[in-house]
$ cat model_39.cif   # mmCIF, C-alpha atoms
data_input
#
loop_
_atom_site.label_atom_id
_atom_site.label_comp_id
_atom_site.auth_asym_id
_atom_site.auth_seq_id
_atom_site.Cartn_x
_atom_site.Cartn_y
_atom_site.Cartn_z
CA MET E 1 195.00 289.46 -19.41
CA LEU E 2 195.58 290.03 -15.71
CA ILE E 3 194.94 293.41 -14.07
CA ALA E 4 195.45 293.49 -10.31
CA GLY E 5 194.57 296.80 -8.68
CA PHE E 6 194.38 298.14 -5.14
CA PRO E 7 193.89 301.55 -3.45
CA ALA E 8 197.01 302.67 -1.60
CA GLY E 9 197.86 305.09 1.14
CA ALA E 10 196.26 308.15 2.63
CA TRP E 11 194.73 309.27 -0.68
CA GLY E 12 193.38 305.89 -1.77
CA THR E 13 195.26 306.08 -5.06
CA ASN E 14 194.69 303.11 -7.34
CA CYS E 15 197.85 301.19 -8.22
CA TYR E 16 197.61 298.60 -11.01
CA LEU E 17 199.74 295.65 -12.06
CA VAL E 18 199.10 294.59 -15.65
CA ALA E 19 200.30 291.36 -17.26
CA PRO E 20 199.32 289.10 -20.16
CA ALA E 21 198.58 286.40 -17.56
CA ALA E 22 199.63 285.17 -14.14
CA GLY E 23 203.23 283.99 -14.01
CA GLU E 24 204.43 286.46 -16.64
CA GLU E 25 206.08 289.87 -16.89
CA CYS E 26 204.07 292.85 -15.68
CA VAL E 27 203.89 296.64 -15.76
CA ILE E 28 203.14 298.63 -12.60
CA ILE E 29 201.03 301.77 -12.95
CA ASP E 30 201.14 304.56 -10.33
CA PRO E 31 202.73 303.05 -7.21
CA GLY E 32 201.78 305.87 -4.86
CA HIS E 33 201.80 306.49 -1.12
CA GLN E 34 202.38 303.26 0.85
CA ALA E 35 201.97 301.15 -2.29
CA ALA E 36 205.24 299.19 -2.10
CA GLN E 37 203.92 296.36 0.09
CA GLY E 38 200.76 296.03 -1.97
CA VAL E 39 202.89 295.72 -5.10
CA GLU E 40 205.00 292.99 -3.52
CA ASP E 41 201.90 291.13 -2.35
CA ALA E 42 200.40 291.20 -5.85
CA VAL E 43 203.69 290.18 -7.45
CA ALA E 44 203.93 287.16 -5.13
CA LYS E 45 200.25 286.21 -5.42
CA HIS E 46 200.27 286.21 -9.22
CA ARG E 47 203.93 285.13 -9.69
CA LEU E 48 204.74 288.25 -11.71
CA LYS E 49 208.01 289.75 -12.90
CA PRO E 50 207.88 293.57 -13.06
CA VAL E 51 209.65 295.09 -16.07
CA ALA E 52 208.61 298.76 -15.78
CA VAL E 53 206.74 301.38 -13.78
CA VAL E 54 204.62 303.83 -15.77
CA LEU E 55 203.12 306.99 -14.30
CA THR E 56 199.97 308.85 -15.32
CA HIS E 57 201.31 312.04 -13.70
CA GLY E 58 203.73 313.29 -11.08
CA HIS E 59 201.62 314.06 -8.00
CA ILE E 60 203.02 312.50 -4.84
CA ASP E 61 199.95 310.32 -4.29
CA HIS E 62 200.81 308.55 -7.56
CA VAL E 63 204.63 308.41 -7.35
CA ALA E 64 205.58 308.14 -3.66
CA SER E 65 206.63 304.47 -3.91
CA VAL E 66 208.37 304.66 -7.29
CA VAL E 67 211.91 304.66 -5.88
CA PRO E 68 211.51 301.59 -3.62
CA VAL E 69 209.49 299.66 -6.22
CA CYS E 70 211.93 300.37 -9.05
CA GLY E 71 214.87 299.66 -6.77
CA ALA E 72 213.47 296.33 -5.56
CA HIS E 73 213.01 295.04 -9.10
CA GLY E 74 215.71 296.92 -11.02
CA VAL E 75 213.24 298.45 -13.48
CA PRO E 76 212.85 301.91 -15.07
CA ALA E 77 210.06 304.41 -14.49
CA TRP E 78 208.33 306.27 -17.32
CA ILE E 79 206.89 309.79 -16.83
CA HIS E 80 206.04 312.75 -19.05
CA PRO E 81 208.86 315.34 -19.04
CA GLU E 82 206.55 318.15 -17.88
CA ASP E 83 205.85 316.28 -14.63
CA ARG E 84 209.32 314.88 -14.03
CA TYR E 85 210.30 317.68 -11.62
CA MET E 86 207.54 316.58 -9.24
CA MET E 87 209.42 313.40 -8.37
CA SER E 88 212.20 315.41 -6.71
CA ASP E 89 210.13 318.43 -5.62
CA PRO E 90 206.55 317.25 -5.03
CA ALA E 91 205.69 320.15 -2.76
CA LYS E 92 206.13 322.55 -5.69
CA ALA E 93 203.39 320.70 -7.56
CA MET E 94 200.90 321.29 -4.75
CA GLY E 95 201.85 324.79 -3.70
CA ARG E 96 204.31 325.16 -0.87
CA SER E 97 201.89 325.48 2.05
CA LEU E 98 199.74 322.50 1.07
CA GLY E 99 202.75 320.49 -0.05
CA GLN E 100 204.58 320.88 3.24
CA GLN E 101 201.48 319.78 5.17
CA LEU E 102 201.00 316.66 3.05
CA MET E 103 204.60 315.59 2.61
CA GLY E 104 205.34 314.71 6.22
CA ASP E 105 208.29 312.32 6.38
CA LEU E 106 208.00 311.00 2.83
CA THR E 107 211.27 310.37 1.05
CA VAL E 108 211.22 311.57 -2.55
CA GLY E 109 213.46 311.49 -5.59
CA GLU E 110 213.96 309.83 -8.95
CA PRO E 111 214.73 306.13 -9.47
CA ASP E 112 218.08 305.21 -11.01
CA ASP E 113 216.56 304.70 -14.46
CA ILE E 114 213.91 307.15 -15.64
CA LYS E 115 212.49 307.44 -19.15
CA GLU E 116 210.26 310.12 -20.63
CA LEU E 117 206.86 309.61 -22.22
CA SER E 118 205.58 311.40 -25.32
CA ASP E 119 202.16 311.87 -26.86
CA GLY E 120 201.24 309.11 -29.28
CA ALA E 121 203.99 306.75 -28.13
CA ALA E 122 203.36 303.01 -28.26
CA LEU E 123 205.17 301.38 -25.34
CA GLN E 124 206.02 297.73 -25.91
CA LEU E 125 206.27 296.37 -22.37
CA ALA E 126 205.75 292.87 -20.97
CA GLY E 127 204.40 291.65 -24.31
CA MET E 128 201.70 294.35 -24.36
CA GLU E 129 201.32 297.64 -26.22
CA PHE E 130 200.35 300.69 -24.17
CA SER E 131 199.22 303.67 -26.26
CA VAL E 132 200.18 306.94 -24.59
CA ALA E 133 198.07 310.10 -24.88
CA HIS E 134 199.21 313.39 -23.39
CA ALA E 135 196.20 314.72 -21.46
CA PRO E 136 197.07 317.94 -19.61
CA GLY E 137 194.68 319.76 -17.34
CA HIS E 138 195.09 318.05 -13.97
CA THR E 139 198.84 318.57 -14.41
CA LYS E 140 200.86 319.73 -17.41
CA GLY E 141 202.33 316.27 -17.88
CA SER E 142 199.29 314.07 -17.29
CA VAL E 143 198.96 311.11 -19.64
CA THR E 144 196.66 308.15 -20.15
CA PHE E 145 197.57 304.59 -21.15
CA ARG E 146 195.30 302.55 -23.39
CA LEU E 147 195.33 298.84 -24.12
CA PRO E 148 193.52 297.67 -27.28
CA GLU E 149 190.68 295.18 -27.39
CA GLN E 150 191.94 291.61 -27.21
CA ALA E 151 189.81 288.57 -28.03
CA ASP E 152 186.86 288.85 -25.62
CA ILE E 153 188.51 291.56 -23.50
CA PRO E 154 187.31 295.14 -24.16
CA PRO E 155 189.81 297.99 -24.54
CA VAL E 156 191.10 299.46 -21.30
CA LEU E 157 191.97 303.07 -20.49
CA PHE E 158 194.13 303.87 -17.47
CA SER E 159 192.95 307.44 -17.07
CA GLY E 160 194.93 308.62 -14.06
CA ASP E 161 193.26 311.74 -12.69
CA LEU E 162 191.81 312.85 -16.03
CA LEU E 163 188.51 310.97 -15.78
CA PHE E 164 186.77 309.34 -12.81
CA ALA E 165 183.45 307.58 -12.40
CA GLY E 166 181.11 310.57 -12.33
CA SER E 167 183.76 313.27 -12.22
CA ILE E 168 187.18 314.53 -13.39
CA GLY E 169 190.46 315.60 -11.79
CA ARG E 170 190.86 318.85 -9.91
CA THR E 171 192.52 321.78 -11.67
CA ASP E 172 193.21 324.17 -8.79
CA LEU E 173 196.77 323.04 -8.04
CA PRO E 174 199.89 324.41 -9.79
CA GLY E 175 199.86 323.32 -13.43
CA GLY E 176 196.13 322.64 -13.44
CA ASP E 177 193.95 324.25 -16.08
CA HIS E 178 190.19 323.80 -16.43
CA GLY E 179 190.16 324.62 -20.14
CA GLU E 180 192.98 322.16 -20.79
CA ILE E 181 191.30 319.30 -18.97
CA LEU E 182 188.11 319.84 -20.95
CA GLU E 183 190.11 319.79 -24.18
CA SER E 184 191.85 316.60 -23.04
CA LEU E 185 188.51 314.96 -22.25
CA ALA E 186 187.24 315.86 -25.72
CA ARG E 187 190.38 314.72 -27.53
CA VAL E 188 191.34 311.64 -25.49
CA CYS E 189 188.09 310.23 -24.08
CA LEU E 190 185.20 311.12 -26.36
CA PRO E 191 186.52 309.25 -29.44
CA LEU E 192 186.83 305.95 -27.51
CA GLU E 193 184.37 303.10 -27.86
CA ASP E 194 181.59 302.93 -25.26
CA SER E 195 182.84 299.49 -24.24
CA THR E 196 186.23 300.89 -23.13
CA VAL E 197 186.82 300.08 -19.46
CA VAL E 198 188.11 303.09 -17.52
CA LEU E 199 190.47 302.36 -14.63
CA SER E 200 190.98 305.66 -12.85
CA GLY E 201 193.50 307.01 -10.39
CA HIS E 202 190.84 307.09 -7.65
CA GLY E 203 187.51 305.36 -7.13
CA PRO E 204 185.76 302.49 -8.91
CA GLN E 205 186.08 301.39 -12.51
CA THR E 206 183.63 302.59 -15.10
CA THR E 207 183.22 302.63 -18.88
CA ILE E 208 183.37 305.35 -21.50
CA GLY E 209 179.74 304.60 -22.40
CA ARG E 210 178.58 305.08 -18.83
CA GLU E 211 180.54 308.31 -18.45
CA ARG E 212 179.36 309.60 -21.82
CA ALA E 213 175.79 309.14 -20.63
CA THR E 214 176.07 310.24 -16.99
CA ASN E 215 179.27 312.18 -16.25
CA PRO E 216 178.30 315.88 -16.21
CA PHE E 217 181.72 317.00 -17.44
CA LEU E 218 181.86 314.58 -20.35
CA ARG E 219 178.26 315.33 -21.29
CA GLU E 220 178.90 319.06 -21.35
CA VAL E 221 182.13 318.64 -23.32
CA ALA E 222 180.30 316.47 -25.84
CA ALA E 223 177.62 319.16 -26.15
CA GLY E 224 180.24 321.87 -26.61
CA LEU E 225 179.16 323.67 -23.44
CA GLY E 226 182.07 322.84 -21.16
CA ASP E 227 183.13 326.40 -20.31
CA GLY E 228 179.83 327.58 -18.91
CA PHE E 229 178.61 325.15 -16.32
CA SER E 230 178.98 324.74 -12.59
CA PRO E 231 180.91 321.53 -11.81
CA PRO E 232 180.21 319.06 -8.99
CA PRO E 233 183.00 318.16 -6.54
CA ARG E 234 186.06 316.54 -8.07
CA ARG E 235 188.44 313.90 -6.73
CA GLY E 236 192.19 313.44 -6.81
CA MET E 237 194.93 315.26 -4.91
#
$ encode --input "model_39.cif" --output "structure tokens"
Amino acid sequence: MLIAGFPAGAWGTNCYLVAPAAGEECVIIDPGHQAAQGVEDAVAKHRLKPVAVVLTHGHIDHVASVVPVCGAHGVPAWIHPEDRYMMSDPAKAMGRSLGQQLMGDLTVGEPDDIKELSDGAALQLAGMEFSVAHAPGHTKGSVTFRLPEQADIPPVLFSGDLLFAGSIGRTDLPGGDHGEILESLARVCLPLEDSTVVLSGHGPQTTIGRERATNPFLREVAAGLGDGFSPPPRRGM
């Protein structure tokens, strides 16, 4: 399997291209702010053919390049219905004052072909199966994508802004909910094998085992104490 990732734009949002191997079809995950050129560079370098864009949630730092990327390759974008409005009105998802400051001259909107994700769906794309889990808390429509273990390759979780190395996504923007994100961590992340590689929306890769042992949020959720502790700083827009 080939996973090519790079941090894009002002928020350093990780964009990923996933394919069975170089020279084959691929899926693009979270082409955010200023990600279009990075996508094209990765497509050319690895001789890939994009067939879909999939989105972990609707914040502008994860979707800003969806329209040009989908348009350049004639592919659909997949997003959870509860976050779909953010593609056309991203400022609403951040609160008007913050949203207007961050938006600048960005052009927003939906691509020509948009499809909606649902919890438990199994997306068959580019010869791979992506298992979708609805994971609200950072936003109402946040999801994760999981690829199963294959031969000598461990399972992979594209966690968006649910889980980071050492932290979790912020919950102080419209649609965020601290209780919901803790429930999502317990339901989506804790049951996974320790070997599962976590590729987050921001920051370095990690594993479920490492986060289970060291991430203060995941440790407290596992201990059933999530509602009563003082969290460290969190990442994500």
$ closest_residue --input "model_39.cif" --among "E:Ile60, E:Cys70, E:Ala4, E:Ala135" --to "Tyr85 of chain E" --atoms "only C-alpha atoms"
E:Ile60
$ closest_atom_pairs --input "model_39.cif" --of "segment 47-161 of chain E" --to "segment 182-206 of chain E" --cutoff "12 Å" --atoms "only C-alpha atoms" --output "CSV"
residue,atom,partner,partner_atom,distance
E:Leu55,CA,E:Gly201,CA,10.4
E:Thr56,CA,E:Gly201,CA,8.3
E:His57,CA,E:Gly201,CA,9.9
E:His59,CA,E:Gly201,CA,11.0
E:Asp61,CA,E:Gly201,CA,9.5
E:His62,CA,E:Gly201,CA,8.0
E:Val63,CA,E:Gly201,CA,11.6
E:Asp119,CA,E:Val188,CA,10.9
E:Gly120,CA,E:Val188,CA,10.9
E:Ser131,CA,E:Val188,CA,11.2
E:Val132,CA,E:Val188,CA,10.1
E:Ala133,CA,E:Val188,CA,6.9
E:His134,CA,E:Ser184,CA,8.0
E:Ala135,CA,E:Ser184,CA,5.0
E:Pro136,CA,E:Ser184,CA,6.4
E:Gly137,CA,E:Ser184,CA,7.1
E:His138,CA,E:Ser184,CA,9.7
E:Thr139,CA,E:Ser184,CA,11.3
E:Lys140,CA,E:Ser184,CA,11.1
E:Gly141,CA,E:Ser184,CA,11.7
E:Ser142,CA,E:Ser184,CA,9.7
E:Val143,CA,E:Ser184,CA,9.6
E:Thr144,CA,E:Val188,CA,8.3
E:Phe145,CA,E:Leu199,CA,9.9
E:Arg146,CA,E:Thr196,CA,9.2
E:Leu147,CA,E:Thr196,CA,9.4
E:Pro148,CA,E:Thr196,CA,9.0
E:Glu149,CA,E:Thr196,CA,8.4
E:Gln150,CA,E:Thr196,CA,11.6
E:Asp152,CA,E:Ser195,CA,11.5
E:Ile153,CA,E:Val197,CA,9.6
E:Pro154,CA,E:Thr196,CA,5.9
E:Pro155,CA,E:Thr196,CA,4.8
E:Val156,CA,E:Val197,CA,4.7
E:Leu157,CA,E:Val198,CA,4.9
E:Phe158,CA,E:Leu199,CA,4.9
E:Ser159,CA,E:Ser200,CA,5.0
E:Gly160,CA,E:Gly201,CA,4.3
E:Asp161,CA,E:Gly201,CA,5.3
$ atom_distance --input "model_39.cif" --atom1 "atom CA of Leu218 of chain E" --atom2 "atom CA of Thr171 of chain E"
15.5 Å
$ atom_distance --input "model_39.cif" --atom1 "atom CA of Ser118 of chain E" --atom2 "atom CA of Ile181 of chain E"
17.5 Å
$ atom_distance --input "model_39.cif" --atom1 "atom CA of Leu2 of chain E" --atom2 "atom CA of His33 of chain E"
22.9 Å
$ resolve_selection --input "model_39.cif" --expression "the PyMOL selection byres ((chain E and resi 42) around 12)" --output "ChimeraX atom specification"
/E:2-6,15-19,22-23,26-28,35-41,43-50
$ resolve_selection --input "model_39.cif" --expression "the PyMOL selection byres ((chain E and resi 117) around 8)" --output "list in words"
Trp78, Ile79, His80, Pro81, Lys115, Glu116, Ser118, Asp119, Ala121 and Val132 of chain E
$ resolve_selection --input "model_39.cif" --expression "the PyMOL selection byres ((chain E and resi 11) around 10)" --output "list in words"
Pro7, Ala8, Gly9, Ala10, Gly12, Thr13, Asn14, Gly32, His33, Gln34, Ile60, Asp61, His62, His202, Arg235, Gly236 and Met237 of chain E
$ closest_residue --input "model_39.cif" --among "E:Val108, E:Leu173, E:Ala165, E:Ala52" --to "Leu123 of chain E" --atoms "only C-alpha atoms"
E:Ala52
$ residues_around --input "model_39.cif" --residues "Phe217 of chain E" --least-positions-apart "2" --cutoff "7 Å" --atoms "only C-alpha atoms" --output "number ranges by chain"
E: 167, 215, 219-221, 226
